[in-house]
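Enquirer: My structure is stored as model-v1.tsv, with TSV, C-alpha atoms.
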```tsv
chain	number	residue	atom	x	y	z
A	9	MET	CA	-53.89	160.80	214.30
A	10	ASP	CA	-53.24	164.20	212.75
A	11	ARG	CA	-50.40	163.81	210.21
A	12	ILE	CA	-48.96	167.17	211.18
A	13	LEU	CA	-47.51	165.37	214.20
A	14	TYR	CA	-45.08	163.54	211.93
A	15	THR	CA	-43.98	166.75	210.24
A	16	ALA	CA	-43.52	168.61	213.52
A	17	SER	CA	-41.71	165.75	215.25
A	18	ASN	CA	-39.38	165.41	212.26
A	19	GLY	CA	-38.58	169.12	212.42
A	20	ALA	CA	-37.96	168.91	216.17
A	21	ALA	CA	-35.54	166.00	215.68
A	22	ARG	CA	-33.54	167.96	213.08
A	23	ILE	CA	-33.38	170.97	215.41
A	24	LEU	CA	-31.98	168.80	218.20
A	25	GLU	CA	-29.32	167.46	215.81
A	26	GLN	CA	-28.37	171.01	214.85
A	27	GLN	CA	-28.26	172.05	218.49
A	28	SER	CA	-25.79	169.23	219.14
A	29	VAL	CA	-23.51	170.56	216.39
A	30	ILE	CA	-23.74	174.12	217.74
A	31	SER	CA	-22.94	172.89	221.26
A	32	ASN	CA	-19.87	171.09	219.94
A	33	ASN	CA	-18.73	174.29	218.19
A	34	MET	CA	-19.19	176.25	221.40
A	35	ALA	CA	-17.19	173.66	223.34
A	36	ASN	CA	-14.29	174.07	220.88
A	37	VAL	CA	-14.12	177.86	220.77
A	38	ALA	CA	-10.72	177.69	222.47
A	39	THR	CA	-9.44	174.61	220.58
A	40	THR	CA	-6.43	175.47	218.43
A	41	GLY	CA	-7.05	175.01	214.70
A	42	PHE	CA	-10.65	173.81	215.15
A	43	ARG	CA	-12.87	174.11	212.07
A	44	GLU	CA	-16.49	175.08	212.67
A	45	GLN	CA	-18.98	172.30	211.97
A	46	MET	CA	-22.12	172.90	209.95
A	47	ALA	CA	-25.45	171.10	210.19
A	48	ILE	CA	-26.92	170.98	206.70
A	49	TYR	CA	-30.51	169.97	206.00
A	50	ARG	CA	-32.74	169.88	202.95
A	51	SER	CA	-36.48	169.83	202.49
A	52	VAL	CA	-38.17	166.73	201.13
A	53	PRO	CA	-41.81	166.76	199.99
A	54	VAL	CA	-43.84	164.00	201.60
A	55	VAL	CA	-45.10	161.66	198.89
A	56	PRO	CA	-48.90	161.68	199.14
A	57	GLN	CA	-51.18	158.69	198.70
A	58	ALA	CA	-53.22	158.29	195.58
A	59	GLY	CA	-55.66	161.15	195.13
A	60	GLU	CA	-54.00	163.40	197.72
A	61	LEU	CA	-52.20	166.67	197.12
A	62	PRO	CA	-48.53	167.14	198.20
A	63	THR	CA	-49.22	169.57	201.03
A	64	ARG	CA	-46.50	168.57	203.50
A	65	VAL	CA	-42.72	168.95	203.47
A	66	SER	CA	-40.31	167.12	205.74
A	67	THR	CA	-36.57	167.62	206.38
A	68	VAL	CA	-33.63	165.23	206.27
A	69	ALA	CA	-30.01	165.63	207.30
A	70	SER	CA	-27.66	166.15	204.37
A	71	THR	CA	-23.89	165.65	204.22
A	72	PRO	CA	-22.33	167.45	207.22
A	73	GLY	CA	-19.83	170.14	206.36
A	74	SER	CA	-17.23	172.45	207.88
A	75	HIS	CA	-16.23	176.09	207.56
A	76	PHE	CA	-12.63	176.26	206.37
A	77	ARG	CA	-12.09	179.99	206.79
A	78	GLN	CA	-8.91	180.85	208.65
A	79	GLY	CA	-9.03	181.55	212.37
A	80	ILE	CA	-7.26	184.38	214.18
A	81	MET	CA	-3.48	184.07	214.33
A	82	ALA	CA	-2.10	184.45	217.86
A	83	GLU	CA	1.59	184.98	218.54
A	84	THR	CA	3.00	182.79	221.30
A	85	GLY	CA	6.74	183.07	220.76
A	86	HIS	CA	7.06	179.37	221.59
A	87	ALA	CA	9.71	177.66	219.46
A	88	LEU	CA	7.55	174.58	218.83
A	89	ASP	CA	4.42	176.49	217.84
A	90	ALA	CA	3.53	177.01	214.19
A	91	ALA	CA	0.46	178.06	212.25
A	92	ILE	CA	-0.49	177.54	208.63
A	93	ALA	CA	-0.33	180.88	206.82
A	94	GLY	CA	-3.27	180.70	204.44
A	95	ASP	CA	-4.51	177.42	202.99
A	96	GLY	CA	-2.98	174.11	203.95
A	97	TRP	CA	-2.65	171.47	206.65
A	98	PHE	CA	-0.09	169.69	208.82
A	99	ALA	CA	0.11	165.94	208.28
A	100	VAL	CA	0.07	163.65	211.32
A	101	GLN	CA	0.13	159.91	211.87
A	102	THR	CA	-2.86	158.21	213.55
A	103	PRO	CA	-3.74	154.55	214.17
A	104	GLN	CA	-6.14	154.87	211.22
A	105	GLY	CA	-3.48	156.28	208.90
A	106	GLU	CA	-2.47	159.75	207.79
A	107	ALA	CA	-4.65	162.66	208.88
A	108	TYR	CA	-4.57	166.44	208.67
A	109	THR	CA	-4.88	169.25	211.19
A	110	ARG	CA	-4.44	173.01	211.50
A	111	ALA	CA	-3.37	172.76	215.14
A	112	GLY	CA	0.34	173.60	215.41
A	113	GLU	CA	0.92	173.36	219.15
A	114	PHE	CA	3.75	170.85	218.93
A	115	ALA	CA	5.84	169.17	221.60
A	116	VAL	CA	8.54	166.50	221.92
A	117	ASN	CA	7.57	163.17	223.50
A	118	GLN	CA	9.70	160.73	225.48
A	119	GLU	CA	10.83	159.04	222.25
A	120	ASN	CA	12.21	162.40	221.04
A	121	GLN	CA	9.56	162.64	218.35
A	122	LEU	CA	7.77	165.81	217.32
A	123	VAL	CA	4.12	165.32	218.23
A	124	THR	CA	0.86	167.25	218.40
A	125	HIS	CA	-0.63	168.37	221.72
A	126	THR	CA	-2.61	165.10	221.68
A	127	GLY	CA	0.53	163.00	221.22
A	128	LEU	CA	0.22	162.13	217.52
A	129	PRO	CA	3.50	162.03	215.56
A	130	VAL	CA	3.95	164.91	213.12
A	131	LEU	CA	5.02	163.68	209.68
A	132	SER	CA	7.94	164.83	207.56
A	133	ALA	CA	7.74	165.36	203.80
A	134	ASP	CA	8.75	161.71	203.26
A	135	GLY	CA	5.88	160.50	205.47
A	136	GLN	CA	7.98	159.54	208.51
A	137	PRO	CA	7.89	160.71	212.16
A	138	ILE	CA	10.32	163.52	212.94
A	139	GLU	CA	13.09	162.82	215.45
A	140	VAL	CA	14.32	165.75	217.54
A	141	PRO	CA	17.76	165.76	219.23
A	142	GLU	CA	17.89	166.07	223.00
A	143	ARG	CA	20.14	169.11	222.79
A	144	GLY	CA	19.81	172.26	220.73
A	145	SER	CA	17.24	174.93	220.01
A	146	ILE	CA	14.55	173.91	217.51
A	147	THR	CA	13.40	176.43	214.91
A	148	PHE	CA	10.91	176.32	212.06
A	149	ALA	CA	11.37	178.06	208.72
A	150	THR	CA	8.39	179.43	206.84
A	151	ASP	CA	8.66	176.60	204.29
A	152	GLY	CA	8.42	173.98	207.04
A	153	GLN	CA	12.13	173.19	207.32
A	154	ILE	CA	13.10	172.19	210.87
A	155	SER	CA	16.59	172.92	212.16
A	156	ALA	CA	18.38	172.59	215.49
A	157	LEU	CA	21.03	175.04	216.68
A	158	GLY	CA	23.70	173.58	218.96
A	159	ALA	CA	22.55	169.98	218.65
A	160	GLY	CA	26.09	168.78	217.85
A	161	ASP	CA	29.44	169.19	219.56
A	162	ASN	CA	29.75	172.79	218.40
A	163	PRO	CA	27.05	175.01	219.97
A	164	ARG	CA	27.05	177.11	216.79
A	165	ASP	CA	26.40	174.19	214.45
A	166	ILE	CA	23.03	174.12	212.71
A	167	GLN	CA	21.58	170.69	212.02
A	168	LEU	CA	18.79	170.28	209.47
A	169	LEU	CA	16.34	167.77	210.94
A	170	ALA	CA	13.45	167.36	208.50
A	171	GLN	CA	10.86	169.07	206.37
A	172	LEU	CA	7.31	169.25	207.69
A	173	LYS	CA	4.77	167.57	205.45
A	174	LEU	CA	2.50	170.43	204.45
A	175	VAL	CA	-0.46	169.58	202.22
A	176	ASN	CA	-3.32	171.43	200.58
A	177	PRO	CA	-5.97	168.95	199.38
A	178	PRO	CA	-9.34	170.14	198.02
A	179	THR	CA	-11.53	170.85	201.04
A	180	ASP	CA	-14.55	169.24	199.39
A	181	GLN	CA	-12.69	165.91	199.53
A	182	LEU	CA	-11.86	166.13	203.23
A	183	VAL	CA	-13.92	164.26	205.81
A	184	ARG	CA	-13.87	165.08	209.52
A	185	GLY	CA	-13.30	162.08	211.77
A	186	ASP	CA	-14.62	161.46	215.27
A	187	ASP	CA	-11.18	162.52	216.56
A	188	GLY	CA	-11.61	165.99	215.01
A	189	LEU	CA	-8.93	165.35	212.37
A	190	PHE	CA	-9.54	165.47	208.63
A	191	ARG	CA	-8.81	162.73	206.11
A	192	MET	CA	-9.30	162.24	202.41
A	193	ALA	CA	-12.66	160.68	201.59
A	194	GLY	CA	-10.90	157.79	199.88
A	195	GLY	CA	-8.35	157.38	202.66
A	196	GLN	CA	-5.35	157.96	200.40
A	197	PRO	CA	-2.43	160.16	201.58
A	198	VAL	CA	-1.92	163.58	200.01
A	199	GLN	CA	1.31	164.69	198.37
A	200	PRO	CA	3.22	167.62	199.94
A	201	ASP	CA	2.57	171.07	198.53
A	202	GLU	CA	5.56	173.41	198.47
A	203	ALA	CA	3.25	176.42	198.17
A	204	VAL	CA	1.98	175.95	201.74
A	205	LYS	CA	3.77	178.21	204.23
A	206	ILE	CA	3.78	178.42	208.00
A	207	ALA	CA	4.15	181.18	210.58
A	208	PRO	CA	6.63	180.06	213.28
A	209	GLY	CA	5.86	181.18	216.82
A	210	PHE	CA	2.14	181.53	216.10
A	211	ILE	CA	-0.93	179.35	216.56
A	212	GLU	CA	-4.24	179.56	214.75
A	213	LYS	CA	-7.24	179.82	217.00
A	214	SER	CA	-10.59	178.17	216.35
A	215	ASN	CA	-12.57	179.78	213.53
A	216	VAL	CA	-15.83	179.50	215.50
A	217	ASN	CA	-17.64	182.80	216.09
A	218	PRO	CA	-18.97	182.56	219.68
A	219	ALA	CA	-21.52	185.36	219.20
A	220	ALA	CA	-22.95	183.72	216.08
A	221	MET	CA	-23.15	180.37	217.87
A	222	MET	CA	-25.04	181.93	220.80
A	223	VAL	CA	-27.55	183.54	218.43
A	224	ALA	CA	-27.99	180.21	216.60
A	225	MET	CA	-28.48	178.37	219.89
A	226	ILE	CA	-31.21	180.79	221.02
A	227	SER	CA	-32.88	180.64	217.59
A	228	ASN	CA	-32.86	176.84	217.67
A	229	ALA	CA	-34.41	176.80	221.13
A	230	ARG	CA	-37.27	179.00	219.93
A	231	GLN	CA	-37.82	176.89	216.83
A	232	PHE	CA	-37.93	173.76	218.97
A	233	GLU	CA	-40.55	175.36	221.20
A	234	GLN	CA	-42.63	176.18	218.12
A	235	GLN	CA	-42.47	172.57	216.93
A	236	MET	CA	-43.52	171.36	220.37
A	237	GLN	CA	-46.43	173.83	220.36
A	238	VAL	CA	-47.60	172.47	216.99
A	239	ILE	CA	-47.55	168.94	218.42
A	240	LYS	CA	-49.44	170.10	221.52
A	241	ASN	CA	-52.09	171.90	219.44
A	242	ALA	CA	-52.53	168.88	217.16
A	243	SER	CA	-53.03	166.60	220.17
A	244	THR	CA	-55.53	169.03	221.70
A	245	ASN	CA	-57.48	169.29	218.45
A	246	GLU	CA	-57.62	165.51	218.16
A	247	GLU	CA	-58.94	165.16	221.69
A	248	ARG	CA	-61.62	167.78	221.05
A	249	GLY	CA	-62.60	166.11	217.81
A	250	ASN	CA	-62.96	162.75	219.52
A	251	SER	CA	-65.06	164.33	222.26
A	252	ILE	CA	-67.39	165.90	219.71
A	253	LEU	CA	-67.78	162.62	217.84
A	254	SER	CA	-68.49	160.79	221.07
A	255	ALA	CA	-71.14	163.34	222.08
A	256	ALA	CA	-72.75	163.21	218.63
A	257	GLY	CA	-72.84	159.41	218.72
```
What's the structure tokens form of this structure?
Expert:
Amino acid sequence: MDRILYTASNGAARILEQQSVISNNMANVATTGFREQMAIYRSVPVVPQAGELPTRVSTVASTPGSHFRQGIMAETGHALDAAIAGDGWFAVQTPQGEAYTRAGEFAVNQENQLVTHTGLPVLSADGQPIEVPERGSITFATDGQISALGAGDNPRDIQLLAQLKLVNPPTDQLVRGDDGLFRMAGGQPVQPDEAVKIAPGFIEKSNVNPAAMMVAMISNARQFEQQMQVIKNASTNEERGNSILSAAG
């Protein structure tokens, strides 16, 4: 069997993996706070047998990454919406521990807790869920302080509820989970960072560029076709070679 088949099939497999990542990015173009995924590969020379020259190069998947550039800020005017202004993350509680997100579309659940749009409790600076009173108007300050106007007996009273836990860990230490949230590679919680600020009444859109993803998808499809053509040509050449050998014998 022609060894080029192994090289071509390996390249086709990597292209399919990359196409899966691109498809996931396209599916999350409208997901608030989504970070674009990257499919990273590196070339690996195929180790030849004794007496052979290293004439072939294969590819292997490397550590997957993400683009952390900021998405477009969209004003909603909703009192429970907030976006990170610049670098930083909101901290939320998950069954697997503390995790981080840029999605600030918050709501209040039946237990009067501040939660994400997926129902995960948003954490305060002391690492606890944030309780919201049934009455009063909730407002966010740019430093993450949450207050409620009219939550007490006096409609003009302002009650300080909690401080959002805003963090800014090194992005090279963050790992994306299957749930789309980020966590520290070692699993340890991150300390709050007072330098992180938010923009109340805004949300941050996905940082995926739809046009770039469409171009990448078309390019991948063409590359896959080329790999398949190489495999087809190799198979045809092998069949012809066998026919010639049979006729000569």
Enquirer: Find, counting only C-alpha atoms, the residue in A:Leu182, A:Val175, A:Ala16, A:Ala91 that gets nearest to Gly73 of chain A.
Expert: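 Of all the options, A:Leu182 lies closest to Gly73 of chain A.
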Enquirer: Closest to Pro197 of chain A among A:Val29, A:Val116, A:Leu131, A:Met221, using only C-alpha atoms?
Expert: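 So, comparing all the options, the nearest one is A:Leu131.
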Enquirer: Give the answer as one residue: which of A:Asn18, A:Ser214, A:Ser145, A:Gln181 has the shortest atom-to-atom distance to Ala82 of chain A, using only C-alpha atoms?
Expert: A:Ser214
Enquirer: For Glu233 of chain A, which residue among A:Thr109, A:Thr126, A:Ser17, A:Gln118 is the nearest when counting only C-alpha atoms?
Expert: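 Of A:Thr109, A:Thr126, A:Ser17, A:Gln118, the one nearest Glu233 of chain A is A:Ser17, counting only C-alpha atoms.
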Enquirer: Using only C-alpha atoms, which of A:Ala87, A:Gly144, A:Ser74, A:Gly19 sits nearest Gln45 of chain A?
Expert: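 Of A:Ala87, A:Gly144, A:Ser74, A:Gly19, the one nearest Gln45 of chain A is A:Ser74, counting only C-alpha atoms.
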Enquirer: Can you work out which one of A:Ala203, A:Met236, A:Val100, A:Ala229 has the shortest atom-to-atom distance to Phe190 of chain A, counting all atoms listed in the file?
Expert: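 Closest candidate: A:Val100.
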Enquirer: Counting all atoms listed in the file, I want the residues whose atoms come within 8 Å of (6.1, 167.2, 200.7) in the file frame, returned as a ChimeraX atom specification.
Expert: /A:132-134,171-175,199-202
Enquirer: Counting all atoms listed in the file, find the residues whose atoms lie at most 12 Å from (-12.7, 180.0, 209.4) (file coordinates) and write them out as a list in words.
Expert: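 Output: Val37, Thr40, Gly41, Phe42, Arg43, Glu44, Gln45, Met46, Ser74, His75, Phe76, Arg77, Gln78, Gly79, Ile80, Met81, Gly94, Asp95, Arg110, Glu212, Lys213, Ser214, Asn215, Val216 and Asn217 of chain A.
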Enquirer: Please indicate the distance in Å from atom CA of Phe114 of chain A to atom CA of Ala90 of chain A, rounded to one decimal place.
Expert: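 For atom CA of Phe114 of chain A relative to atom CA of Ala90 of chain A, the distance reads 7.8 Å.
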Enquirer: What separation in Å, quoted to one decimal, exists between atom CA of Gln121 of chain A and atom CA of Pro178 of chain A?
Expert: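 Calculated distance between atom CA of Gln121 of chain A and atom CA of Pro178 of chain A is 28.8 Å.
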Enquirer: Could you tell me how far atom CA of Pro218 of chain A lies from atom CA of Ala107 of chain A, in Å and to one decimal?
Expert: 26.8 Å
Enquirer: Just the residues within 9 Å of Glu113 of chain A, please, counting all atoms listed in the file, with nothing from its chain fewer than 5 positions along; format it as a VMD selection string.
Expert: chain A and resid 40 86 88 to 91 123 to 125 210 to 211
Enquirer: Could you give me the axis-aligned bounding box of segment 218-223 of chain A, with 6 Å of padding per side, as centre plus edge lengths in Å to one decimal, as lines of an AutoDock Vina configuration file?
Expert:
```
center_x = -23.3
center_y = 182.9
center_z = 218.4
size_x = 20.6
size_y = 17.0
size_z = 16.7
```
Enquirer: List the neighbours of Glu142 of chain A out to 12 Å using all atoms listed in the file; skip same-chain residues closer than 3 positions along the sequence, and give me the result as a list in words.
Expert: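 With the cut-off at 12 Å, the set is Val116, Asn117, Gln118, Glu119, Asn120, Gln121, Leu122, Glu139, Ser145, Ile146, Ala156, Leu157, Gly158, Ala159 and Gly160 of chain A.
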Enquirer: Hey, could you patch up segment 219-230 of chain A with all heavy atoms and hand it over as a tab-separated table (two decimals), in the frame of the given file?
Expert:
```tsv
chain	number	residue	atom	x	y	z
A	219	ALA	N	-20.28	184.57	219.22
A	219	ALA	CA	-21.52	185.36	219.20
A	219	ALA	C	-22.53	184.74	218.24
A	219	ALA	O	-23.72	184.63	218.55
A	219	ALA	CB	-21.21	186.80	218.80
A	220	ALA	N	-22.06	184.34	217.06
A	220	ALA	CA	-22.95	183.72	216.08
A	220	ALA	C	-23.51	182.40	216.61
A	220	ALA	O	-24.69	182.07	216.36
A	220	ALA	CB	-22.21	183.50	214.77
A	221	MET	N	-22.69	181.64	217.33
A	221	MET	CA	-23.15	180.37	217.87
A	221	MET	C	-24.21	180.59	218.95
A	221	MET	O	-25.19	179.83	219.05
A	221	MET	CB	-21.98	179.59	218.44
A	221	MET	CG	-21.01	179.05	217.40
A	221	MET	SD	-21.75	177.89	216.21
A	221	MET	CE	-21.96	178.99	214.78
A	222	MET	N	-24.05	181.64	219.77
A	222	MET	CA	-25.04	181.93	220.80
A	222	MET	C	-26.38	182.32	220.18
A	222	MET	O	-27.44	181.88	220.63
A	222	MET	CB	-24.53	183.05	221.71
A	222	MET	CG	-23.43	182.63	222.67
A	222	MET	SD	-23.99	181.36	223.83
A	222	MET	CE	-25.30	182.23	224.69
A	223	VAL	N	-26.32	183.14	219.12
A	223	VAL	CA	-27.55	183.54	218.43
A	223	VAL	C	-28.23	182.31	217.82
A	223	VAL	O	-29.45	182.14	217.92
A	223	VAL	CB	-27.24	184.57	217.34
A	223	VAL	CG1	-28.47	184.83	216.47
A	223	VAL	CG2	-26.77	185.88	217.97
A	224	ALA	N	-27.43	181.43	217.21
A	224	ALA	CA	-27.99	180.21	216.60
A	224	ALA	C	-28.60	179.30	217.66
A	224	ALA	O	-29.65	178.69	217.43
A	224	ALA	CB	-26.89	179.48	215.83
A	225	MET	N	-27.96	179.22	218.81
A	225	MET	CA	-28.48	178.37	219.89
A	225	MET	C	-29.83	178.88	220.39
A	225	MET	O	-30.77	178.09	220.61
A	225	MET	CB	-27.47	178.31	221.02
A	225	MET	CG	-27.81	177.32	222.11
A	225	MET	SD	-26.48	177.13	223.32
A	225	MET	CE	-25.25	176.28	222.32
A	226	ILE	N	-29.94	180.20	220.56
A	226	ILE	CA	-31.21	180.79	221.02
A	226	ILE	C	-32.29	180.60	219.96
A	226	ILE	O	-33.44	180.26	220.27
A	226	ILE	CB	-31.01	182.28	221.33
A	226	ILE	CG1	-30.06	182.45	222.51
A	226	ILE	CG2	-32.35	182.96	221.61
A	226	ILE	CD1	-29.66	183.88	222.78
A	227	SER	N	-31.92	180.82	218.68
A	227	SER	CA	-32.88	180.64	217.59
A	227	SER	C	-33.37	179.21	217.52
A	227	SER	O	-34.57	178.95	217.32
A	227	SER	CB	-32.23	181.04	216.26
A	227	SER	OG	-33.10	180.81	215.18
A	228	ASN	N	-32.47	178.25	217.69
A	228	ASN	CA	-32.86	176.84	217.67
A	228	ASN	C	-33.82	176.51	218.80
A	228	ASN	O	-34.77	175.75	218.62
A	228	ASN	CB	-31.61	175.96	217.75
A	228	ASN	CG	-31.08	175.57	216.39
A	228	ASN	OD1	-31.48	176.15	215.38
A	228	ASN	ND2	-30.19	174.62	216.34
A	229	ALA	N	-33.54	177.06	219.98
A	229	ALA	CA	-34.41	176.80	221.13
A	229	ALA	C	-35.83	177.29	220.87
A	229	ALA	O	-36.82	176.62	221.20
A	229	ALA	CB	-33.84	177.46	222.38
A	230	ARG	N	-35.94	178.46	220.24
A	230	ARG	CA	-37.27	179.00	219.93
A	230	ARG	C	-37.97	178.17	218.86
A	230	ARG	O	-39.18	177.92	218.96
A	230	ARG	CB	-37.13	180.45	219.46
A	230	ARG	CG	-36.69	181.41	220.58
A	230	ARG	CD	-36.47	182.82	220.06
A	230	ARG	NE	-36.12	183.74	221.14
A	230	ARG	CZ	-35.75	185.00	220.95
A	230	ARG	NH1	-35.69	185.49	219.72
A	230	ARG	NH2	-35.45	185.76	221.99
```
